[in-house]
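Notes for the one structure printed next.
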Amino acid sequence: MANLKMPRFDVTIAGELNLDLILYGLPDELPPERELLADRMMLTLGGSSAIMAHNLAALGSRVGFQSRIGDDDLGTTALQRLQESGVDVSELRRVAGPVKTGLTVILQRAAWRNMVTYSGTIAETAWDDLDLGYLADSRHFHVSSYYLQGGLRPRLAELFRRMKEAGLTTSLDTNDDPDDKWEGGLQDALRYVDIFLPNEREAPKAAGVSDLETAVKKLAAIVPLVVVKLGREGAMAQRGSERITSPALRVDAVDAVGAGDSFDAGFLHEYVRGADLGACLAAGNLAGAFSTTRPGGTEAFRDAKYRAQFFREHGSKRGQ
């Protein structure tokens, strides 16, 4: 039975919290035994779940976040960055031991990038780290990085089912599968997901087909709302037989780190408030574009004055 009292949160998230180290200006080829130079770097909040949570809170949503991190300097920095956005981390676990907080090293080129992740506590987060009552005290529940969360993944379908039974709507952004197998119970989990948020490469992989159009139709037969991020082409949503598209916003991009997670934040911020699907897509595109104007996935959102100015100038262009 759904909880009739006002929930504590708009969105709760169970996911990964780590840092991103981004290096710019590297050569395309990385020959062995050579000392190669980067011309810029950025150490910033990382992890798709954490980036989404941070930016969702910066937009004004009430966000609760659960995860496990290491009792180390990286964990301290990541936790501080997440807290500064207003995300509630009161139920986040810090665990001492040999497994440290995760770190992703991003080698950013002009048009592409390499990403190398030390998963650390990302893969260690498990069912026993979660407080289901805390997660259910919300209007909506979200999971990102399905394939990185090795400790939690075997019970994610059950977790989604529990949240649905508590009256929440649910969403999932798998992100990439490092093993490129796209198995691990994903189809079972999708049965309890209201919104699936892949990008144009991930959607066919998740559906087990070779082309996007077939993938969207197949996924839409399982999930009530499929939202596909199309990069420079914007985004589209499929709800049953209904198709809605929304163009991308053109900006001077620094990098695309966290752009998809920022899209999720913009989309869900409007979705939980009951906005129509076109407005949700436009808000996602706006937030995703905004993210690319500063290094990393959260740096643009950390600057409240810049954020307000950007949304004021570009918000009227949404949906055009």
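Residue numbers start at 1 in each chain; chains themselves are named A, B, ... in the order of the structure tokens; ligands are numbered from 1 in the order shown.
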Non-local contacts of Asp261 (chain A) (10 Å; only C-alpha atoms; under 4 positions in same chain excluded) as a ChimeraX atom specification: /A:47-56,144,173,175,197,257,265-267,284,287-288,291,297-298
Kindly save the residues from that selection, with all heavy atoms included, as a compact mmCIF listing (two decimals), in the first residue's frame.
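New file again-v2.txt:
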```txt
# COMPACT_ATOMS: atom_id res chain seq x y z
N GLY A 47 31.25 9.02 -10.72
CA GLY A 47 30.23 8.00 -10.52
C GLY A 47 28.90 8.50 -11.05
O GLY A 47 28.43 9.57 -10.66
N SER A 48 28.31 7.74 -11.96
CA SER A 48 27.06 8.20 -12.57
C SER A 48 25.98 8.47 -11.53
O SER A 48 25.23 9.45 -11.64
CB SER A 48 26.56 7.16 -13.57
OG SER A 48 27.40 7.11 -14.69
N SER A 49 25.88 7.61 -10.52
CA SER A 49 24.86 7.81 -9.49
C SER A 49 25.10 9.10 -8.73
O SER A 49 24.16 9.87 -8.48
CB SER A 49 24.87 6.63 -8.52
OG SER A 49 24.61 5.42 -9.17
N ALA A 50 26.35 9.34 -8.35
CA ALA A 50 26.67 10.53 -7.57
C ALA A 50 26.51 11.81 -8.39
O ALA A 50 26.02 12.82 -7.89
CB ALA A 50 28.08 10.43 -7.00
N ILE A 51 26.94 11.78 -9.64
CA ILE A 51 26.78 12.95 -10.51
C ILE A 51 25.30 13.27 -10.67
O ILE A 51 24.88 14.43 -10.56
CB ILE A 51 27.44 12.70 -11.88
CG1 ILE A 51 28.96 12.65 -11.73
CG2 ILE A 51 27.04 13.78 -12.89
CD1 ILE A 51 29.69 12.21 -12.99
N MET A 52 24.49 12.24 -10.94
CA MET A 52 23.06 12.46 -11.09
C MET A 52 22.45 13.02 -9.81
O MET A 52 21.68 13.98 -9.83
CB MET A 52 22.37 11.15 -11.47
CG MET A 52 21.06 11.34 -12.23
SD MET A 52 19.66 11.69 -11.18
CE MET A 52 19.19 10.05 -10.71
N ALA A 53 22.83 12.45 -8.66
CA ALA A 53 22.30 12.92 -7.38
C ALA A 53 22.69 14.36 -7.10
O ALA A 53 21.87 15.19 -6.70
CB ALA A 53 22.80 12.01 -6.25
N HIS A 54 23.96 14.68 -7.32
CA HIS A 54 24.48 16.04 -7.09
C HIS A 54 23.70 17.05 -7.93
O HIS A 54 23.23 18.08 -7.42
CB HIS A 54 25.96 16.06 -7.46
CG HIS A 54 26.62 17.40 -7.34
ND1 HIS A 54 26.41 18.42 -8.25
CD2 HIS A 54 27.49 17.89 -6.41
CE1 HIS A 54 27.12 19.48 -7.89
NE2 HIS A 54 27.78 19.19 -6.78
N ASN A 55 23.56 16.77 -9.21
CA ASN A 55 22.94 17.75 -10.11
C ASN A 55 21.43 17.83 -9.91
O ASN A 55 20.84 18.90 -10.07
CB ASN A 55 23.31 17.41 -11.55
CG ASN A 55 24.80 17.53 -11.81
OD1 ASN A 55 25.53 18.09 -10.99
ND2 ASN A 55 25.26 17.00 -12.92
N LEU A 56 20.82 16.73 -9.55
CA LEU A 56 19.40 16.73 -9.23
C LEU A 56 19.12 17.61 -8.00
O LEU A 56 18.16 18.39 -7.99
CB LEU A 56 18.94 15.30 -8.98
CG LEU A 56 17.45 15.00 -8.82
CD1 LEU A 56 16.65 15.48 -10.03
CD2 LEU A 56 17.25 13.51 -8.60
N SER A 144 21.73 3.90 -11.17
CA SER A 144 22.64 4.05 -12.30
C SER A 144 23.73 2.98 -12.21
O SER A 144 23.89 2.32 -11.18
CB SER A 144 23.28 5.44 -12.32
OG SER A 144 22.36 6.45 -12.64
N ASP A 173 19.32 3.70 -15.31
CA ASP A 173 20.28 4.01 -16.36
C ASP A 173 21.43 3.02 -16.20
O ASP A 173 22.21 3.14 -15.25
CB ASP A 173 20.77 5.46 -16.23
CG ASP A 173 21.68 5.87 -17.38
OD1 ASP A 173 22.17 4.99 -18.10
OD2 ASP A 173 21.91 7.09 -17.54
N ASN A 175 24.15 2.55 -17.86
CA ASN A 175 25.48 2.92 -18.33
C ASN A 175 26.09 1.70 -19.03
O ASN A 175 25.40 0.74 -19.35
CB ASN A 175 26.35 3.46 -17.21
CG ASN A 175 25.71 4.68 -16.55
OD1 ASN A 175 25.17 4.59 -15.45
ND2 ASN A 175 25.74 5.81 -17.23
N LEU A 197 16.60 4.66 -19.18
CA LEU A 197 17.29 5.85 -19.69
C LEU A 197 18.63 5.50 -20.34
O LEU A 197 19.68 6.02 -19.94
CB LEU A 197 17.52 6.84 -18.54
CG LEU A 197 16.27 7.47 -17.93
CD1 LEU A 197 16.49 7.79 -16.45
CD2 LEU A 197 15.90 8.73 -18.69
N VAL A 257 31.78 14.49 -20.10
CA VAL A 257 31.78 13.68 -18.89
C VAL A 257 30.52 13.99 -18.07
O VAL A 257 30.27 15.14 -17.72
CB VAL A 257 33.04 13.94 -18.04
CG1 VAL A 257 32.96 13.16 -16.72
CG2 VAL A 257 34.29 13.56 -18.81
N ALA A 265 19.20 13.81 -14.53
CA ALA A 265 18.82 14.72 -13.44
C ALA A 265 17.77 15.72 -13.90
O ALA A 265 16.76 15.94 -13.22
CB ALA A 265 20.06 15.44 -12.92
N GLY A 266 18.01 16.34 -15.06
CA GLY A 266 17.04 17.32 -15.56
C GLY A 266 15.70 16.67 -15.87
O GLY A 266 14.64 17.24 -15.55
N PHE A 267 15.74 15.50 -16.48
CA PHE A 267 14.50 14.80 -16.83
C PHE A 267 13.70 14.44 -15.58
O PHE A 267 12.50 14.73 -15.48
CB PHE A 267 14.83 13.54 -17.64
CG PHE A 267 13.63 12.80 -18.14
CD1 PHE A 267 13.15 13.02 -19.41
CD2 PHE A 267 12.96 11.88 -17.33
CE1 PHE A 267 12.03 12.34 -19.89
CE2 PHE A 267 11.84 11.20 -17.79
CZ PHE A 267 11.37 11.44 -19.07
N GLY A 284 15.88 17.64 -19.68
CA GLY A 284 17.04 16.76 -19.73
C GLY A 284 18.10 17.26 -20.68
O GLY A 284 19.29 17.29 -20.35
N ALA A 287 19.86 20.33 -19.13
CA ALA A 287 20.81 19.98 -18.07
C ALA A 287 22.04 19.27 -18.64
O ALA A 287 23.17 19.51 -18.19
CB ALA A 287 20.12 19.10 -17.03
N GLY A 288 21.83 18.40 -19.63
CA GLY A 288 22.95 17.71 -20.24
C GLY A 288 23.89 18.66 -20.96
O GLY A 288 25.11 18.57 -20.84
N SER A 291 25.91 20.76 -18.46
CA SER A 291 27.00 20.00 -17.86
C SER A 291 28.28 20.06 -18.70
O SER A 291 29.39 20.12 -18.16
CB SER A 291 26.58 18.55 -17.68
OG SER A 291 27.65 17.74 -17.27
N GLY A 297 31.45 16.22 -14.61
CA GLY A 297 30.01 16.09 -14.62
C GLY A 297 29.26 17.01 -13.69
O GLY A 297 28.04 17.15 -13.81
N THR A 298 29.97 17.66 -12.73
CA THR A 298 29.26 18.47 -11.73
C THR A 298 29.77 19.90 -11.61
O THR A 298 29.13 20.71 -10.93
CB THR A 298 29.37 17.81 -10.33
OG1 THR A 298 30.75 17.72 -9.96
CG2 THR A 298 28.72 16.44 -10.31
```
Contact residues around Ala207 (chain A) with only C-alpha atoms at 10 Å, ignoring same-chain residues under 3 positions, as a list in words: Trp182, Leu186, Gln187, Glu202, Ala203, Pro204, Ser210, Asp211, Leu212, Thr214, Ala215, Val216, Lys217, Lys218 and Leu219 of chain A
Keeping C-alpha atoms, export the residues of the selection given above as an mmCIF file, in the first residue's frame.
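Output (part.cif):
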```
data_model
loop_
_atom_site.group_PDB
_atom_site.id
_atom_site.type_symbol
_atom_site.label_atom_id
_atom_site.label_comp_id
_atom_site.auth_asym_id
_atom_site.auth_seq_id
_atom_site.Cartn_x
_atom_site.Cartn_y
_atom_site.Cartn_z
ATOM 1 C CA TRP A 182 24.546 -7.208 -21.104
ATOM 2 C CA LEU A 186 18.792 -6.951 -16.571
ATOM 3 C CA GLN A 187 15.576 -8.194 -18.196
ATOM 4 C CA GLU A 202 23.359 1.138 -24.882
ATOM 5 C CA ALA A 203 19.735 0.662 -25.977
ATOM 6 C CA PRO A 204 20.438 -1.983 -28.680
ATOM 7 C CA SER A 210 21.594 -4.567 -33.664
ATOM 8 C CA ASP A 211 19.653 -1.378 -34.451
ATOM 9 C CA LEU A 212 18.173 1.398 -32.363
ATOM 10 C CA THR A 214 14.128 -2.286 -33.132
ATOM 11 C CA ALA A 215 15.636 -1.859 -29.679
ATOM 12 C CA VAL A 216 13.281 0.959 -28.713
ATOM 13 C CA LYS A 217 10.221 -1.029 -29.799
ATOM 14 C CA LYS A 218 11.395 -4.122 -27.941
ATOM 15 C CA LEU A 219 12.217 -2.190 -24.763
#
```
List every residue of region 40-76 of chain A that has an atom at most 8 Å from any atom of region 22-28 of chain A, and for each one report the closest atom pair and its distance in Å to one decimal, counting only C-alpha atoms, with rows sorted by chain and then by increasing residue number, as JSON lines.
```
{"residue": "A:Arg40", "atom": "CA", "partner": "A:Tyr24", "partner_atom": "CA", "distance": 5.1}
{"residue": "A:Met41", "atom": "CA", "partner": "A:Leu23", "partner_atom": "CA", "distance": 4.6}
{"residue": "A:Met42", "atom": "CA", "partner": "A:Ile22", "partner_atom": "CA", "distance": 5.1}
{"residue": "A:Leu43", "atom": "CA", "partner": "A:Ile22", "partner_atom": "CA", "distance": 6.4}
```
All strand (DSSP E) residues (DSSP, backbone) inside region 173-295 of chain A, as a ChimeraX atom specification: /A:173,195-196,225-229,235-239,242-246
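Residues within 10 Å of region 158-166 of chain A, counting only C-alpha atoms and excluding same-chain residues fewer than 5 positions away, are Met1, Ala2, Asn3, Ala14, Trp127, Leu130, Leu132, Gly133, Leu135, Ala136, Asp137, Ser138, Arg139, His140, Phe141, His142, Val143, Leu152, Arg153, Ser171, Leu172, Asp188, Ala189, Leu190, Arg191, Tyr192, Val193 and Asp194 of chain A.
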Contacts of region 62-69 of chain A at 10 Å (only C-alpha atoms; same-chain gap of 6+ positions) as a ChimeraX atom specification: /A:7-18,49-50,52-56,75-76,78-79,82,85-96,99-102,120-126,129-132,134-135,137-142,269
Residue set, region 13-157 of chain A restricted to helix (DSSP H, G or I), as a VMD selection string: chain A and resid 48 to 58 73 to 84 121 to 124 127 to 129 132 to 136 153 to 157
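If you look at CA of Asp20 (chain A) and CA of Ile106 (chain A), they are 7.0 Å away from each other.
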Which of A:Ala206, A:Leu249, A:Leu156, A:Ala38 sits closest to Leu281 (chain A) [using only C-alpha atoms]: A:Leu249
Of the listed residues A:Ile195, A:Ala58, A:Ile244, A:Leu30, that which approaches Ile222 (chain A) most closely, counting only C-alpha atoms: A:Ile195
Length of the CA of Leu45 (chain A) to CA of Leu19 (chain A) vector [Å]: 4.6 Å
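Relative to CA of Pro198 (chain A), CA of Ala157 (chain A) is found at 17.4 Å.
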Residues near Arg243 (chain A), cut-off 12 Å, only C-alpha atoms, skip fewer than 6 positions along chain, as a PDB file with all heavy atoms, in the first residue's frame:
```
ATOM      1  N   GLU A 213      16.105   1.399 -33.643  1.00  0.00           N
ATOM      2  CA  GLU A 213      14.651   1.410 -33.789  1.00  0.00           C
ATOM      3  C   GLU A 213      14.029   0.116 -33.275  1.00  0.00           C
ATOM      4  O   GLU A 213      13.020   0.136 -32.544  1.00  0.00           O
ATOM      5  CB  GLU A 213      14.269   1.644 -35.246  1.00  0.00           C
ATOM      6  CG  GLU A 213      12.788   1.908 -35.467  1.00  0.00           C
ATOM      7  CD  GLU A 213      12.278   3.133 -34.725  1.00  0.00           C
ATOM      8  OE1 GLU A 213      13.010   4.137 -34.630  1.00  0.00           O
ATOM      9  OE2 GLU A 213      11.135   3.069 -34.218  1.00  0.00           O
ATOM     10  N   VAL A 216      14.261   0.115 -29.403  1.00  0.00           N
ATOM     11  CA  VAL A 216      13.281   0.959 -28.713  1.00  0.00           C
ATOM     12  C   VAL A 216      11.927   0.270 -28.663  1.00  0.00           C
ATOM     13  O   VAL A 216      11.246   0.267 -27.626  1.00  0.00           O
ATOM     14  CB  VAL A 216      13.182   2.336 -29.403  1.00  0.00           C
ATOM     15  CG1 VAL A 216      12.009   3.131 -28.849  1.00  0.00           C
ATOM     16  CG2 VAL A 216      14.481   3.112 -29.221  1.00  0.00           C
ATOM     17  N   LYS A 217      11.512  -0.334 -29.773  1.00  0.00           N
ATOM     18  CA  LYS A 217      10.221  -1.029 -29.799  1.00  0.00           C
ATOM     19  C   LYS A 217      10.209  -2.225 -28.858  1.00  0.00           C
ATOM     20  O   LYS A 217       9.225  -2.485 -28.156  1.00  0.00           O
ATOM     21  CB  LYS A 217       9.901  -1.472 -31.225  1.00  0.00           C
ATOM     22  CG  LYS A 217       9.595  -0.313 -32.164  1.00  0.00           C
ATOM     23  CD  LYS A 217       9.316  -0.793 -33.581  1.00  0.00           C
ATOM     24  CE  LYS A 217       8.994   0.383 -34.502  1.00  0.00           C
ATOM     25  NZ  LYS A 217       8.780  -0.059 -35.907  1.00  0.00           N
ATOM     26  N   ALA A 220      10.224  -0.875 -25.241  1.00  0.00           N
ATOM     27  CA  ALA A 220       8.956  -0.225 -24.905  1.00  0.00           C
ATOM     28  C   ALA A 220       7.848  -1.234 -24.633  1.00  0.00           C
ATOM     29  O   ALA A 220       6.828  -0.887 -24.023  1.00  0.00           O
ATOM     30  CB  ALA A 220       8.531   0.722 -26.021  1.00  0.00           C
ATOM     31  N   LEU A 225       8.094   3.572 -20.152  1.00  0.00           N
ATOM     32  CA  LEU A 225       8.676   4.750 -20.777  1.00  0.00           C
ATOM     33  C   LEU A 225      10.160   4.517 -21.051  1.00  0.00           C
ATOM     34  O   LEU A 225      10.941   4.273 -20.125  1.00  0.00           O
ATOM     35  CB  LEU A 225       8.497   5.975 -19.863  1.00  0.00           C
ATOM     36  CG  LEU A 225       9.074   7.306 -20.350  1.00  0.00           C
ATOM     37  CD1 LEU A 225       8.504   7.700 -21.703  1.00  0.00           C
ATOM     38  CD2 LEU A 225       8.795   8.408 -19.311  1.00  0.00           C
ATOM     39  N   VAL A 226      10.533   4.550 -22.326  1.00  0.00           N
ATOM     40  CA  VAL A 226      11.931   4.397 -22.734  1.00  0.00           C
ATOM     41  C   VAL A 226      12.427   5.748 -23.242  1.00  0.00           C
ATOM     42  O   VAL A 226      11.859   6.313 -24.179  1.00  0.00           O
ATOM     43  CB  VAL A 226      12.084   3.330 -23.837  1.00  0.00           C
ATOM     44  CG1 VAL A 226      13.541   3.224 -24.287  1.00  0.00           C
ATOM     45  CG2 VAL A 226      11.567   1.982 -23.343  1.00  0.00           C
ATOM     46  N   VAL A 227      13.476   6.262 -22.623  1.00  0.00           N
ATOM     47  CA  VAL A 227      14.049   7.558 -22.987  1.00  0.00           C
ATOM     48  C   VAL A 227      15.472   7.320 -23.471  1.00  0.00           C
ATOM     49  O   VAL A 227      16.301   6.808 -22.720  1.00  0.00           O
ATOM     50  CB  VAL A 227      14.043   8.527 -21.791  1.00  0.00           C
ATOM     51  CG1 VAL A 227      14.670   9.863 -22.186  1.00  0.00           C
ATOM     52  CG2 VAL A 227      12.624   8.726 -21.267  1.00  0.00           C
ATOM     53  N   VAL A 228      15.743   7.672 -24.716  1.00  0.00           N
ATOM     54  CA  VAL A 228      17.052   7.409 -25.307  1.00  0.00           C
ATOM     55  C   VAL A 228      17.782   8.725 -25.554  1.00  0.00           C
ATOM     56  O   VAL A 228      17.265   9.621 -26.235  1.00  0.00           O
ATOM     57  CB  VAL A 228      16.924   6.630 -26.635  1.00  0.00           C
ATOM     58  CG1 VAL A 228      18.319   6.314 -27.192  1.00  0.00           C
ATOM     59  CG2 VAL A 228      16.136   5.341 -26.430  1.00  0.00           C
ATOM     60  N   ALA A 235      17.240  13.927 -27.760  1.00  0.00           N
ATOM     61  CA  ALA A 235      16.718  12.754 -27.062  1.00  0.00           C
ATOM     62  C   ALA A 235      15.353  12.403 -27.617  1.00  0.00           C
ATOM     63  O   ALA A 235      14.663  13.239 -28.212  1.00  0.00           O
ATOM     64  CB  ALA A 235      16.622  13.026 -25.564  1.00  0.00           C
ATOM     65  N   MET A 236      14.976  11.139 -27.413  1.00  0.00           N
ATOM     66  CA  MET A 236      13.626  10.730 -27.798  1.00  0.00           C
ATOM     67  C   MET A 236      13.046   9.858 -26.693  1.00  0.00           C
ATOM     68  O   MET A 236      13.775   9.225 -25.916  1.00  0.00           O
ATOM     69  CB  MET A 236      13.624   9.972 -29.115  1.00  0.00           C
ATOM     70  CG  MET A 236      14.231   8.599 -29.075  1.00  0.00           C
ATOM     71  SD  MET A 236      13.947   7.741 -30.644  1.00  0.00           S
ATOM     72  CE  MET A 236      14.904   6.249 -30.390  1.00  0.00           C
ATOM     73  N   ALA A 237      11.722   9.828 -26.638  1.00  0.00           N
ATOM     74  CA  ALA A 237      11.023   9.007 -25.665  1.00  0.00           C
ATOM     75  C   ALA A 237       9.960   8.187 -26.370  1.00  0.00           C
ATOM     76  O   ALA A 237       9.288   8.672 -27.277  1.00  0.00           O
ATOM     77  CB  ALA A 237      10.381   9.893 -24.594  1.00  0.00           C
ATOM     78  N   LEU A 277       5.744  14.969 -20.957  1.00  0.00           N
ATOM     79  CA  LEU A 277       6.930  14.280 -21.454  1.00  0.00           C
ATOM     80  C   LEU A 277       7.828  15.189 -22.282  1.00  0.00           C
ATOM     81  O   LEU A 277       9.064  15.117 -22.178  1.00  0.00           O
ATOM     82  CB  LEU A 277       6.493  13.066 -22.269  1.00  0.00           C
ATOM     83  CG  LEU A 277       7.565  12.058 -22.672  1.00  0.00           C
ATOM     84  CD1 LEU A 277       8.437  11.675 -21.493  1.00  0.00           C
ATOM     85  CD2 LEU A 277       6.897  10.826 -23.297  1.00  0.00           C
ATOM     86  N   GLY A 278       7.246  16.066 -23.088  1.00  0.00           N
ATOM     87  CA  GLY A 278       8.057  16.997 -23.866  1.00  0.00           C
ATOM     88  C   GLY A 278       8.876  17.919 -22.979  1.00  0.00           C
ATOM     89  O   GLY A 278      10.054  18.184 -23.260  1.00  0.00           O
ATOM     90  N   LEU A 281      11.826  15.938 -21.466  1.00  0.00           N
ATOM     91  CA  LEU A 281      12.918  15.763 -22.425  1.00  0.00           C
ATOM     92  C   LEU A 281      13.709  17.049 -22.602  1.00  0.00           C
ATOM     93  O   LEU A 281      14.951  17.041 -22.629  1.00  0.00           O
ATOM     94  CB  LEU A 281      12.358  15.311 -23.779  1.00  0.00           C
ATOM     95  CG  LEU A 281      11.907  13.873 -23.922  1.00  0.00           C
ATOM     96  CD1 LEU A 281      11.273  13.658 -25.291  1.00  0.00           C
ATOM     97  CD2 LEU A 281      13.067  12.905 -23.716  1.00  0.00           C
TER      98      LEU A 281
END
```
